[in-house]
>>> print(open('run.cif').read())   # mmCIF, C-alpha atoms
data_data
#
loop_
_atom_site.label_atom_id
_atom_site.label_comp_id
_atom_site.auth_asym_id
_atom_site.auth_seq_id
_atom_site.Cartn_x
_atom_site.Cartn_y
_atom_site.Cartn_z
CA MET A 193 -34.31 -15.69 -2.22
CA LYS A 194 -31.71 -16.05 0.54
CA GLU A 195 -30.79 -12.94 2.53
CA ILE A 196 -27.26 -12.11 3.73
CA VAL A 197 -27.24 -12.51 7.51
CA GLN A 198 -25.72 -9.81 9.71
CA ASP A 199 -23.29 -9.71 12.64
CA GLY A 200 -25.04 -11.12 15.69
CA THR A 201 -26.38 -14.15 13.82
CA PRO A 202 -24.88 -17.24 15.54
CA VAL A 203 -23.92 -19.02 12.29
CA LEU A 204 -21.36 -16.30 11.55
CA ARG A 205 -19.44 -17.25 14.68
CA GLU A 206 -19.42 -21.01 14.09
CA ILE A 207 -16.57 -22.99 12.58
CA ALA A 208 -18.19 -24.21 9.36
CA GLN A 209 -18.31 -27.92 8.57
CA PRO A 210 -16.56 -29.42 5.51
CA VAL A 211 -18.79 -30.12 2.54
CA PRO A 212 -19.24 -33.94 2.69
CA GLU A 213 -17.98 -36.11 -0.13
CA GLY A 214 -21.47 -37.30 -0.98
CA LEU A 215 -22.64 -33.77 -1.74
CA PHE A 216 -20.26 -33.09 -4.67
CA GLY A 217 -22.00 -33.09 -8.02
CA THR A 218 -25.50 -33.17 -6.52
CA PRO A 219 -28.50 -30.90 -7.20
CA GLU A 220 -28.42 -29.92 -3.51
CA LEU A 221 -24.92 -28.43 -3.84
CA THR A 222 -25.91 -26.74 -7.12
CA ARG A 223 -28.91 -25.14 -5.38
CA LEU A 224 -26.77 -23.86 -2.50
CA ILE A 225 -24.29 -22.26 -4.91
CA LYS A 226 -27.17 -20.74 -6.90
CA ASP A 227 -28.63 -19.26 -3.69
CA MET A 228 -25.24 -17.69 -2.92
CA GLU A 229 -24.94 -16.30 -6.45
CA GLU A 230 -28.38 -14.70 -6.24
CA ALA A 231 -27.64 -13.17 -2.83
CA LEU A 232 -24.32 -11.76 -4.06
CA ASP A 233 -25.83 -10.52 -7.32
CA LYS A 234 -28.09 -8.15 -5.32
CA GLU A 235 -25.00 -6.44 -3.89
CA PRO A 236 -23.38 -4.37 -6.70
CA GLU A 237 -20.23 -3.75 -4.64
CA GLY A 238 -19.90 -7.33 -3.34
CA VAL A 239 -17.09 -9.44 -4.74
CA ALA A 240 -17.31 -12.62 -2.65
CA LEU A 241 -19.60 -14.48 -0.28
CA ALA A 242 -19.17 -17.39 2.15
CA ALA A 243 -21.91 -19.96 2.77
CA PRO A 244 -22.35 -18.97 6.45
CA GLN A 245 -23.37 -15.51 5.21
CA ILE A 246 -26.62 -17.00 3.91
CA GLY A 247 -27.01 -19.09 7.05
CA VAL A 248 -25.43 -22.36 5.82
CA SER A 249 -22.54 -23.68 7.90
CA TYR A 250 -20.50 -25.26 5.09
CA ARG A 251 -16.89 -24.54 4.12
CA LEU A 252 -17.62 -22.95 0.77
CA PHE A 253 -17.27 -19.49 -0.75
CA ILE A 254 -17.80 -17.93 -4.16
CA VAL A 255 -16.06 -15.02 -5.94
CA ARG A 256 -17.56 -12.72 -8.57
CA LYS A 257 -14.39 -12.63 -10.66
CA ASP A 258 -15.91 -10.06 -13.03
CA ARG A 259 -16.14 -7.60 -10.12
CA THR A 260 -12.56 -7.90 -8.89
CA SER A 261 -11.23 -5.37 -11.42
CA PRO A 262 -11.32 -1.74 -10.17
CA PHE A 263 -12.58 -0.72 -13.60
CA GLN A 264 -15.88 -2.49 -12.91
CA LYS A 265 -16.78 -0.12 -10.09
CA LYS A 266 -19.27 2.61 -10.92
CA ILE A 267 -17.49 5.80 -11.89
CA ALA A 268 -20.19 8.33 -11.11
CA LYS A 269 -23.54 8.57 -9.42
CA GLY A 270 -26.16 7.06 -11.67
CA VAL A 271 -23.58 5.77 -14.15
CA PRO A 272 -23.37 1.94 -13.97
CA PRO A 273 -20.27 0.02 -15.02
CA PRO A 274 -20.26 -1.65 -18.42
CA PRO A 275 -22.41 -4.79 -18.11
CA LEU A 276 -20.47 -8.03 -17.91
CA ALA A 277 -21.73 -11.58 -17.62
CA PRO A 278 -21.26 -12.91 -14.08
CA GLU A 279 -18.05 -14.92 -13.77
CA ILE A 280 -18.34 -17.12 -10.69
CA GLU A 281 -15.50 -19.06 -9.10
CA VAL A 282 -16.41 -21.62 -6.43
CA TYR A 283 -14.03 -22.76 -3.69
CA ILE A 284 -15.12 -25.74 -1.55
CA ASN A 285 -13.32 -26.91 1.59
CA PRO A 286 -10.57 -24.33 0.95
CA GLU A 287 -7.30 -24.30 2.84
CA ILE A 288 -4.55 -21.67 2.74
CA VAL A 289 -1.29 -23.54 2.12
CA LYS A 290 1.13 -20.65 1.60
CA THR A 291 1.34 -16.92 2.30
CA SER A 292 3.90 -14.23 1.61
CA ARG A 293 5.96 -12.84 4.45
CA LYS A 294 5.01 -9.30 3.52
CA ARG A 295 1.66 -7.90 4.51
CA ALA A 296 -0.14 -4.86 3.19
CA LYS A 297 -2.61 -2.47 4.79
CA THR A 298 -5.99 -2.76 3.07
CA ASP A 299 -9.32 -1.02 3.45
CA GLU A 300 -11.96 -3.63 4.14
CA GLY A 301 -15.67 -4.00 4.65
CA CYS A 302 -18.13 -6.91 4.76
CA LEU A 303 -21.64 -7.58 3.49
CA SER A 304 -22.46 -9.07 6.92
CA VAL A 305 -21.26 -5.97 8.79
CA ARG A 306 -22.94 -3.25 6.79
CA GLY A 307 -21.71 0.32 6.92
CA ILE A 308 -18.51 -0.49 8.86
CA TYR A 309 -15.06 -0.18 7.32
CA GLY A 310 -11.57 -0.55 8.73
CA ILE A 311 -7.93 -1.21 7.95
CA THR A 312 -6.64 -4.78 8.01
CA HIS A 313 -3.16 -6.23 7.47
CA ARG A 314 -3.47 -9.02 4.92
CA HIS A 315 -0.72 -11.05 3.27
CA GLU A 316 0.30 -9.62 -0.10
CA ARG A 317 0.03 -13.10 -1.65
CA ALA A 318 -1.80 -16.27 -0.66
CA THR A 319 -2.11 -19.77 -2.16
CA ILE A 320 -5.11 -21.98 -1.45
CA LYS A 321 -6.13 -25.55 -2.18
CA ALA A 322 -9.82 -26.26 -2.68
CA ARG A 323 -12.35 -28.37 -4.58
CA ARG A 324 -14.75 -27.49 -7.35
CA PRO A 325 -18.46 -28.45 -7.34
CA ASN A 326 -17.74 -31.59 -9.41
CA GLY A 327 -15.19 -32.73 -6.81
CA SER A 328 -12.05 -31.85 -8.80
CA HIS A 329 -9.09 -30.37 -6.95
CA VAL A 330 -7.62 -26.92 -7.59
CA GLU A 331 -4.65 -24.97 -6.23
CA ARG A 332 -4.42 -21.25 -6.87
CA GLY A 333 -2.06 -18.48 -5.85
CA ALA A 334 -3.04 -14.84 -6.00
CA GLY A 335 -1.95 -11.39 -4.93
CA GLY A 336 -3.63 -8.09 -4.18
CA LEU A 337 -7.42 -8.13 -3.96
CA MET A 338 -7.76 -11.88 -4.60
CA ALA A 339 -5.33 -12.71 -1.78
CA GLN A 340 -7.39 -10.43 0.48
CA ILE A 341 -10.58 -12.22 -0.62
CA PHE A 342 -9.09 -15.64 0.12
CA GLU A 343 -8.15 -14.64 3.67
CA HIS A 344 -11.38 -12.72 4.33
CA GLU A 345 -13.63 -15.59 3.19
CA ILE A 346 -11.69 -18.33 4.98
CA ASP A 347 -11.95 -16.17 8.11
CA HIS A 348 -15.74 -16.40 7.65
CA LEU A 349 -15.51 -20.19 7.53
CA ASN A 350 -13.65 -20.08 10.85
CA GLY A 351 -16.20 -17.85 12.58
CA ILE A 352 -14.03 -14.73 12.30
CA LEU A 353 -15.22 -11.32 11.05
CA PHE A 354 -12.84 -8.65 9.80
CA ILE A 355 -13.95 -6.33 12.61
CA ASP A 356 -12.27 -8.71 15.07
CA HIS A 357 -8.81 -7.55 13.98
CA ALA A 358 -9.30 -4.41 11.87
CA LYS A 359 -8.03 -1.02 13.02
CA ASN A 360 -9.59 2.45 12.68
CA LEU A 361 -13.10 1.11 12.37
CA ALA A 362 -15.52 3.71 11.07
CA ARG A 363 -19.24 3.72 10.37
CA ILE A 364 -20.10 5.34 7.05
CA HIS A 365 -23.13 7.62 7.13
CA HIS A 366 -23.92 8.54 3.55
CA GLY A 367 -25.53 11.91 3.33
CA SER A 368 -25.06 14.95 5.58
CA GLU A 369 -26.46 18.41 6.16
CA HIS A 370 -24.31 19.83 3.37
CA ASN A 371 -23.29 17.74 0.36
CA PHE A 372 -19.77 18.14 -0.99
CA VAL A 373 -17.29 17.07 -3.67
CA TYR A 374 -13.78 15.97 -2.71
CA PHE A 375 -10.81 16.71 -4.99
CA GLY A 376 -7.50 14.93 -4.36
CA THR A 377 -4.97 12.53 -5.81
CA PRO A 378 -1.93 11.24 -3.80
CA LYS A 379 -1.68 9.45 -0.47
CA VAL A 380 -1.92 12.69 1.53
CA SER A 381 -5.37 13.11 0.00
CA SER A 382 -6.55 9.53 0.60
CA ASP A 383 -5.28 9.67 4.19
CA THR A 384 -7.23 12.90 4.78
CA LEU A 385 -10.35 11.41 3.21
CA ALA A 386 -10.08 8.42 5.56
CA ILE A 387 -10.09 10.71 8.59
CA LEU A 388 -13.04 12.73 7.27
CA ILE A 389 -15.05 9.55 6.74
CA GLU A 390 -14.29 8.44 10.30
CA HIS A 391 -16.03 11.64 11.41
CA GLY A 392 -19.05 11.09 9.15
CA LEU A 393 -18.00 13.50 6.38
CA VAL A 394 -18.61 11.38 3.26
CA PRO A 395 -18.41 13.14 -0.12
CA ASP A 396 -21.05 12.66 -2.81
CA LEU A 397 -18.29 12.50 -5.43
CA VAL A 398 -14.51 12.19 -5.54
CA VAL A 399 -12.60 13.86 -8.37
CA THR A 400 -9.04 12.64 -8.88
CA SER A 401 -6.36 12.44 -11.56
CA PRO A 402 -6.57 9.83 -14.33
CA ASP A 403 -4.82 6.49 -13.91
CA ALA A 404 -1.11 6.95 -14.63
CA PRO A 405 1.75 4.64 -15.67
CA ARG A 406 3.78 3.44 -12.67
CA GLY A 407 6.58 1.02 -11.95
CA ARG A 408 9.06 -0.57 -14.28
CA GLY A 409 6.28 -2.02 -16.41
CA LEU A 410 4.55 1.38 -16.64
CA THR A 411 1.26 -0.25 -15.69
CA LEU A 412 -1.72 2.11 -15.62
CA THR A 413 -2.44 2.51 -11.92
CA PRO A 414 -5.25 4.41 -10.15
CA SER A 415 -4.40 7.13 -7.67
CA GLU A 416 -4.44 6.32 -3.96
CA THR A 417 -7.54 8.48 -3.56
CA LYS A 418 -9.41 6.68 -6.34
CA THR A 419 -8.58 3.28 -4.86
CA PHE A 420 -9.70 4.36 -1.39
CA ALA A 421 -12.93 5.98 -2.60
CA LEU A 422 -14.00 2.98 -4.67
CA ALA A 423 -13.31 0.67 -1.72
CA HIS A 424 -15.79 2.78 0.27
CA ASP A 425 -18.48 2.87 -2.43
CA ILE A 426 -17.97 6.57 -3.24
CA PRO A 427 -18.45 7.57 -6.90
CA VAL A 428 -15.23 8.64 -8.66
CA VAL A 429 -14.44 10.56 -11.83
CA THR A 430 -10.98 11.07 -13.33
CA PRO A 431 -11.15 13.94 -15.84
CA GLU A 432 -8.13 14.91 -17.92
CA LYS A 433 -9.16 18.56 -17.74
CA LEU A 434 -11.45 20.72 -15.64
CA ASP A 435 -13.21 21.86 -18.79
CA ALA A 436 -16.82 22.88 -19.42
CA GLU A 437 -17.96 19.26 -19.87
CA THR A 438 -16.38 18.18 -16.57
CA ILE A 439 -17.77 21.19 -14.72
CA ALA A 440 -21.26 20.48 -16.07
CA MET A 441 -21.02 16.89 -14.84
CA ILE A 442 -19.88 17.98 -11.36
CA GLN A 443 -22.65 20.59 -11.26
CA LYS A 444 -25.28 17.83 -11.62
CA TYR A 445 -24.45 16.68 -8.09
CA LYS A 446 -25.75 20.01 -6.72
CA CYS A 447 -23.22 20.05 -3.89
CA ASP A 448 -22.92 22.97 -1.49
CA TYR A 449 -19.14 23.06 -1.26
CA ALA A 450 -15.92 21.31 -2.28
CA LEU A 451 -12.80 20.23 -0.40
CA VAL A 452 -9.40 20.14 -2.11
CA VAL A 453 -6.37 18.25 -0.80
CA ALA A 454 -3.41 17.94 -3.19
CA TYR A 455 -5.51 17.59 -6.32
CA GLY A 456 -2.83 18.82 -8.69
CA LYS A 457 -4.81 21.04 -11.07
CA ILE A 458 -5.62 24.77 -11.07
CA PHE A 459 -9.34 25.50 -10.55
CA PRO A 460 -10.97 27.81 -13.09
CA GLU A 461 -13.33 30.44 -11.71
CA THR A 462 -16.22 28.71 -13.48
CA LEU A 463 -15.67 25.63 -11.30
CA ILE A 464 -15.26 27.61 -8.07
CA SER A 465 -18.56 29.38 -8.76
CA VAL A 466 -20.41 26.03 -8.95
CA PHE A 467 -20.30 25.69 -5.16
CA PRO A 468 -22.51 28.21 -3.31
CA LYS A 469 -20.71 27.71 0.03
CA GLY A 470 -17.24 27.83 -1.54
CA VAL A 471 -14.23 25.63 -2.25
CA PHE A 472 -11.91 24.94 0.69
CA ASN A 473 -8.28 23.96 0.32
CA VAL A 474 -6.09 22.30 2.94
CA HIS A 475 -2.62 23.82 2.64
CA TYR A 476 0.31 22.52 4.68
CA SER A 477 1.90 25.83 5.65
CA LEU A 478 1.17 28.96 7.63
CA LEU A 479 -0.17 30.97 4.73
CA PRO A 480 0.75 33.34 3.18
CA LYS A 481 4.16 31.71 3.69
CA HIS A 482 5.09 28.92 1.25
CA ARG A 483 2.24 29.19 -1.21
CA GLY A 484 2.51 26.57 -3.95
CA ALA A 485 2.94 22.85 -4.55
CA THR A 486 5.53 21.87 -1.90
CA PRO A 487 4.96 23.87 1.30
CA LEU A 488 6.18 21.18 3.70
CA GLU A 489 9.42 20.72 1.78
CA ALA A 490 9.87 24.48 1.54
CA ALA A 491 9.59 24.89 5.32
CA LEU A 492 12.25 22.24 5.94
CA LEU A 493 14.56 23.62 3.23
CA ALA A 494 14.32 27.06 4.80
CA GLY A 495 15.17 25.67 8.24
CA ASP A 496 11.89 26.94 9.70
CA ASP A 497 11.33 25.96 13.31
CA ARG A 498 7.54 26.13 12.94
CA THR A 499 5.03 25.24 10.28
CA GLY A 500 1.35 24.38 10.26
CA VAL A 501 -1.87 23.91 8.34
CA SER A 502 -4.17 26.50 6.81
CA ILE A 503 -7.73 26.05 5.56
CA GLN A 504 -8.32 28.70 2.92
CA LYS A 505 -11.35 29.55 0.81
CA MET A 506 -10.18 29.16 -2.75
CA VAL A 507 -9.97 32.04 -5.23
CA LYS A 508 -8.51 32.19 -8.73
CA GLU A 509 -5.03 33.23 -7.53
CA LEU A 510 -3.05 30.24 -6.22
CA ASP A 511 -3.32 29.77 -2.42
CA ALA A 512 -4.38 33.41 -1.97
CA GLY A 513 -7.86 32.92 -0.52
CA ASP A 514 -9.10 34.08 2.86
CA ILE A 515 -8.06 31.95 5.84
CA ILE A 516 -10.93 30.28 7.71
CA ALA A 517 -8.70 28.30 10.11
CA GLN A 518 -5.00 27.90 10.87
CA GLU A 519 -2.97 25.84 13.33
CA SER A 520 0.79 25.86 13.90
CA THR A 521 3.21 23.26 15.20
CA LYS A 522 6.88 23.16 16.13
CA ILE A 523 9.22 21.30 13.78
CA GLY A 524 11.54 18.99 15.71
CA PRO A 525 15.26 19.58 15.09
CA SER A 526 15.68 16.01 13.77
CA GLU A 527 12.27 15.76 12.13
CA THR A 528 12.19 14.90 8.43
CA ALA A 529 9.31 15.06 5.96
CA ARG A 530 8.75 11.37 6.69
CA GLU A 531 7.70 12.18 10.27
CA LEU A 532 6.28 15.66 9.72
CA ARG A 533 3.92 14.85 6.84
CA PRO A 534 1.63 12.42 8.72
CA ARG A 535 1.45 14.90 11.62
CA LEU A 536 0.30 17.66 9.30
CA ILE A 537 -2.18 15.36 7.54
CA GLY A 538 -3.81 14.57 10.87
CA MET A 539 -3.80 18.23 11.87
CA GLY A 540 -5.36 19.28 8.57
CA ALA A 541 -8.14 16.72 8.69
CA SER A 542 -8.96 17.54 12.32
CA LEU A 543 -8.97 21.25 11.51
CA LEU A 544 -11.43 20.62 8.67
CA VAL A 545 -13.72 18.58 10.91
CA ASP A 546 -13.59 21.21 13.67
CA THR A 547 -14.02 24.22 11.40
CA LEU A 548 -16.33 23.34 8.51
CA SER A 549 -19.61 23.07 10.38
CA ALA A 550 -18.92 26.31 12.26
CA TYR A 551 -18.06 28.11 9.02
CA LEU A 552 -21.12 26.77 7.21
CA ARG A 553 -23.28 28.02 10.11
CA GLY A 554 -21.77 31.48 9.69
CA ASP A 555 -19.83 31.37 12.97
CA VAL A 556 -16.37 31.89 11.41
CA ILE A 557 -15.16 35.17 9.91
CA PRO A 558 -12.55 34.58 7.16
CA ILE A 559 -9.28 36.53 7.47
CA PRO A 560 -7.70 37.97 4.28
CA GLN A 561 -4.08 37.07 3.60
CA ASP A 562 -1.34 39.71 3.51
CA SER A 563 0.02 39.05 0.02
CA SER A 564 3.11 41.16 0.70
CA LEU A 565 4.34 38.36 3.00
CA ALA A 566 3.79 35.57 0.48
CA THR A 567 6.61 33.20 -0.54
CA ARG A 568 6.53 30.47 -3.20
CA ALA A 569 7.11 26.71 -2.96
CA ARG A 570 7.73 25.39 -6.46
CA LYS A 571 7.27 21.85 -7.76
CA LEU A 572 10.15 19.43 -7.18
CA LYS A 573 12.43 17.99 -9.84
CA LYS A 574 14.57 14.88 -9.34
CA GLU A 575 17.76 16.90 -9.73
CA ASP A 576 16.77 19.00 -6.69
CA GLY A 577 17.93 16.07 -4.57
CA LEU A 578 21.57 16.36 -5.69
CA LEU A 579 23.90 17.29 -2.82
CA SER A 580 27.37 18.75 -2.91
CA LEU A 581 29.29 17.24 -0.02
CA ASP A 582 31.28 20.46 0.15
CA ALA A 583 28.15 22.52 0.81
CA PRO A 584 27.42 23.81 4.34
CA ALA A 585 26.22 21.03 6.64
CA GLU A 586 22.95 22.82 7.40
CA VAL A 587 22.09 23.09 3.69
CA ASN A 588 22.62 19.37 3.08
CA TRP A 589 20.81 18.42 6.27
CA ASN A 590 17.77 20.51 5.35
CA LYS A 591 17.69 19.01 1.85
CA TYR A 592 17.87 15.51 3.29
CA ARG A 593 15.01 16.29 5.71
CA ALA A 594 12.85 17.95 3.05
CA TYR A 595 13.13 15.20 0.44
CA ALA A 596 13.26 12.16 2.75
CA ASP A 597 9.88 10.76 1.65
CA THR A 598 9.74 12.02 -1.95
CA ILE A 599 12.63 12.48 -4.39
CA GLY A 600 15.37 11.65 -1.85
CA THR A 601 18.94 12.99 -1.84
CA TYR A 602 22.05 11.73 -3.56
CA PHE A 603 25.58 12.58 -4.67
CA PHE A 604 27.96 11.33 -7.33
CA GLU A 605 31.25 9.56 -6.77
CA ASN A 606 33.41 8.28 -9.66
CA GLY A 607 30.48 8.89 -11.98
CA LYS A 608 28.16 6.67 -9.92
CA ARG A 609 24.96 7.88 -8.26
CA ILE A 610 24.92 7.28 -4.50
CA LYS A 611 21.50 7.57 -2.82
CA ILE A 612 21.45 8.64 0.84
CA THR A 613 18.93 6.66 2.90
CA GLN A 614 19.90 7.74 6.41
CA ALA A 615 21.73 10.81 7.70
CA SER A 616 22.04 13.08 10.73
CA ILE A 617 23.71 16.28 11.84
CA LYS A 618 25.99 16.52 14.86
CA ASP A 619 28.34 19.25 16.06
CA GLY A 620 27.81 21.16 12.85
CA GLN A 621 28.69 18.19 10.64
CA PHE A 622 26.40 16.50 8.09
CA ILE A 623 26.84 12.78 8.74
CA ILE A 624 25.86 10.26 6.07
CA GLU A 625 24.97 6.96 7.75
CA ARG A 626 23.49 4.66 5.08
CA VAL A 627 23.52 4.71 1.27
CA ILE A 628 22.49 2.74 -1.79
CA PRO A 629 25.32 2.87 -4.36
CA GLU A 630 24.19 2.65 -7.97
CA GLY A 631 23.67 -0.99 -8.89
CA LYS A 632 24.16 -2.26 -5.31
CA LYS A 633 22.19 -2.97 -2.16
CA GLU A 634 21.84 -0.65 0.81
CA MET A 635 24.89 -0.51 3.08
CA SER A 636 26.47 1.63 5.76
CA TYR A 637 28.39 4.65 4.54
CA VAL A 638 31.44 3.40 6.44
CA GLU A 639 31.34 0.14 4.47
CA PHE A 640 30.88 2.02 1.20
CA SER A 641 33.83 4.32 1.94
CA LYS A 642 36.33 1.48 2.52
#
>>> encode(input="run.cif", output="structure tokens")
Amino acid sequence: MKEIVQDGTPVLREIAQPVPEGLFGTPELTRLIKDMEEALDKEPEGVALAAPQIGVSYRLFIVRKDRTSPFQKKIAKGVPPPPLAPEIEVYINPEIVKTSRKRAKTDEGCLSVRGIYGITHRHERATIKARRPNGSHVERGAGGLMAQIFEHEIDHLNGILFIDHAKNLARIHHGSEHNFVYFGTPKVSSDTLAILIEHGLVPDLVVTSPDAPRGRGLTLTPSETKTFALAHDIPVVTPEKLDAETIAMIQKYKCDYALVVAYGKIFPETLISVFPKGVFNVHYSLLPKHRGATPLEAALLAGDDRTGVSIQKMVKELDAGDIIAQESTKIGPSETARELRPRLIGMGASLLVDTLSAYLRGDVIPIPQDSSLATRARKLKKEDGLLSLDAPAEVNWNKYRAYADTIGTYFFENGKRIKITQASIKDGQFIIERVIPEGKKEMSYVEFSK
């Protein structure tokens, strides 16, 4: 059986030769494709393979179409996906003939560069022309994962590996001194998980919210954290409730502690008690100030000039646990949530990396919170973004800053909803710069006001 060759093997850096006309429809070509299928079949997380990856310098790649759906990934340790018959697509002498202008950031790995992952910028859509094993011609356009596969595999045929252009390369070391479960759902959680993995902190299990309807078509879509975890071969579960059955399943992993970043559900004491070292929550405020679901927004709404990140050991009462680490930062006078959030995400992840090992060794003494100083940051509703243009400038400016990357801000004029996309404050005046009037494209506020 053919083995998948690894980076450093010369064939991976060669420009592969076209499959000659005389080879189509022959037993030799059938054998080569079968060798590729067998090599790929041994890799449960592999979705595609190029001929150079088994040492053959031909312009040919295969795709395991049955593995391209996210629902075919394993959902928990020891729980295989539902068995499906292999569905192989073969692309011979492929050529990309069209790509979209837009690109998307994607998490990427490679069977020939084991254990390394990074972020690439691939076209959102790509169209290729190719031949089938019998010599027939095919043209196919695709988006999402398939477009990424097309570009990744054709790179292989040109002697290019994804590590040549990927950013934030990280080596995944599965297993660590203390095993843990990671709870999280939105992008802030997946971004934090990415930073933890870069530092070798790889969870044994990710727990995230169930797939939810999104977009105009209300298509069931996995959370950002689920998508990221599956791309990095980390088991994922998506329970509706943290009930006894879910807790029993999590308990089977025998993890020492848990990390929580914007999971979205209240932890029962029975779940907290599962982890002998504790459950640690990353909270984007200087606790006890702004306990609750929207601490970053609350700090901007209040006009705070400083905020920060707290790592607290979870207890039953919301955000009331002892502080094991805290770091503050100044909020820039023109800084909105759009700029502040990624700063706090980076701070929080770094604080976790710097603090966890020391705490687990017993070198950190937790500090109880003073509950008399606690304030609350409630969940947002869409109507919170409504502005009155007669309100004080500072109030409108703080709302605009707080909601810039979530619900946004808007006002009504002649019964029409006007969304504010860009604003500033100057000499005590709230200045609207760009808007999207209901039913129209974005324009300057000056143009809209004519």
>>> residues_around(input="run.cif", residues="A:Ala231", least_positions_apart="4", cutoff="10 Å", atoms="only C-alpha atoms", output="PDB file with C-alpha atoms, in the coordinates of the input")
ATOM      1  CA  MET A 193     -34.310 -15.690  -2.220  1.00  0.00           C
ATOM      2  CA  LYS A 194     -31.710 -16.050   0.540  1.00  0.00           C
ATOM      3  CA  GLU A 195     -30.790 -12.940   2.530  1.00  0.00           C
ATOM      4  CA  ILE A 196     -27.260 -12.110   3.730  1.00  0.00           C
ATOM      5  CA  ILE A 225     -24.290 -22.260  -4.910  1.00  0.00           C
ATOM      6  CA  LYS A 226     -27.170 -20.740  -6.900  1.00  0.00           C
ATOM      7  CA  ASP A 227     -28.630 -19.260  -3.690  1.00  0.00           C
ATOM      8  CA  GLU A 235     -25.000  -6.440  -3.890  1.00  0.00           C
ATOM      9  CA  GLY A 238     -19.900  -7.330  -3.340  1.00  0.00           C
ATOM     10  CA  LEU A 241     -19.600 -14.480  -0.280  1.00  0.00           C
ATOM     11  CA  GLN A 245     -23.370 -15.510   5.210  1.00  0.00           C
ATOM     12  CA  ILE A 246     -26.620 -17.000   3.910  1.00  0.00           C
TER      13      ILE A 246
END
>>> axis_aligned_box(input="run.cif", around="stretch 436-449 of chain A", padding_each_side="4 Å", output="lines of an AutoDock Vina configuration file")
center_x = -21.1
center_y = 19.9
center_z = -10.6
size_x = 17.4
size_y = 14.4
size_z = 26.6
>>> resolve_selection(input="run.cif", expression="the PyMOL selection byres ((chain A and resi 252) around 8)", output="number ranges by chain")
A: 211, 242-243, 250-251, 253-254, 282-286, 349
>>> residues_near_point(input="run.cif", point="(-20.3, -22.0, 12.2)", cutoff="7 Å", atoms="only C-alpha atoms", output="PyMOL selection string")
chain A and resi 203-208+244+249+349+351
>>> atom_distance(input="run.cif", atom1="atom CA of A:Val638", atom2="atom CA of A:Gly620")
19.2 Å
>>> resolve_selection(input="run.cif", expression="the PyMOL selection byres ((chain A and resi 317) around 6)", output="list in words")
Thr291, Ser292, His315, Glu316, Ala318, Ala334, Gly335 and Ala339 of chain A
>>> resolve_selection(input="run.cif", expression="the PyMOL selection byres ((chain A and resi 637) around 12)", output="list in words")
Ile610, Lys611, Ile612, Thr613, Gln614, Ala615, Ile623, Ile624, Glu625, Arg626, Val627, Ile628, Pro629, Lys633, Glu634, Met635, Ser636, Val638, Glu639, Phe640, Ser641 and Lys642 of chain A
>>> closest_atom_pairs(input="run.cif", of="stretch 440-488 of chain A", to="stretch 391-414 of chain A", cutoff="12 Å", atoms="only C-alpha atoms", output="Markdown table")
| residue | atom | partner | partner_atom | distance |
| --- | --- | --- | --- | --- |
| A:Met441 | CA | A:Leu397 | CA | 10.7 |
| A:Ile442 | CA | A:Leu397 | CA | 8.2 |
| A:Gln443 | CA | A:Leu397 | CA | 10.9 |
| A:Lys444 | CA | A:Leu397 | CA | 10.8 |
| A:Tyr445 | CA | A:Asp396 | CA | 7.5 |
| A:Lys446 | CA | A:Asp396 | CA | 9.6 |
| A:Cys447 | CA | A:Asp396 | CA | 7.8 |
| A:Asp448 | CA | A:Asp396 | CA | 10.6 |
| A:Tyr449 | CA | A:Pro395 | CA | 10.0 |
| A:Ala450 | CA | A:Pro395 | CA | 8.8 |
| A:Leu451 | CA | A:Pro395 | CA | 9.0 |
| A:Val452 | CA | A:Val399 | CA | 9.4 |
| A:Val453 | CA | A:Thr400 | CA | 10.2 |
| A:Ala454 | CA | A:Thr400 | CA | 9.6 |
| A:Tyr455 | CA | A:Thr400 | CA | 6.6 |
| A:Gly456 | CA | A:Ser401 | CA | 7.8 |
| A:Lys457 | CA | A:Ser401 | CA | 8.8 |
>>> atom_distance(input="run.cif", atom1="atom CA of A:Pro480", atom2="atom CA of A:Thr567")
6.9 Å
>>> closest_residue(input="run.cif", among="A:Ala550, A:Ile439, A:Lys359, A:Leu493", to="A:Arg570", atoms="all atoms listed in the file")
A:Leu493
>>> atom_distance(input="run.cif", atom1="atom CA of A:Gly470", atom2="atom CA of A:Ala436")
18.6 Å
>>> residues_near_point(input="run.cif", point="(-7.0, -16.9, -2.9)", cutoff="9 Å", atoms="only C-alpha atoms", output="PDB file with C-alpha atoms, keeping the file's coordinate frame")
ATOM      1  CA  ILE A 288      -4.550 -21.670   2.740  1.00  0.00           C
ATOM      2  CA  ARG A 317       0.030 -13.100  -1.650  1.00  0.00           C
ATOM      3  CA  ALA A 318      -1.800 -16.270  -0.660  1.00  0.00           C
ATOM      4  CA  THR A 319      -2.110 -19.770  -2.160  1.00  0.00           C
ATOM      5  CA  ILE A 320      -5.110 -21.980  -1.450  1.00  0.00           C
ATOM      6  CA  LYS A 321      -6.130 -25.550  -2.180  1.00  0.00           C
ATOM      7  CA  ARG A 332      -4.420 -21.250  -6.870  1.00  0.00           C
ATOM      8  CA  GLY A 333      -2.060 -18.480  -5.850  1.00  0.00           C
ATOM      9  CA  ALA A 334      -3.040 -14.840  -6.000  1.00  0.00           C
ATOM     10  CA  GLY A 335      -1.950 -11.390  -4.930  1.00  0.00           C
ATOM     11  CA  LEU A 337      -7.420  -8.130  -3.960  1.00  0.00           C
ATOM     12  CA  MET A 338      -7.760 -11.880  -4.600  1.00  0.00           C
ATOM     13  CA  ALA A 339      -5.330 -12.710  -1.780  1.00  0.00           C
ATOM     14  CA  GLN A 340      -7.390 -10.430   0.480  1.00  0.00           C
ATOM     15  CA  ILE A 341     -10.580 -12.220  -0.620  1.00  0.00           C
ATOM     16  CA  PHE A 342      -9.090 -15.640   0.120  1.00  0.00           C
ATOM     17  CA  GLU A 343      -8.150 -14.640   3.670  1.00  0.00           C
TER      18      GLU A 343
END
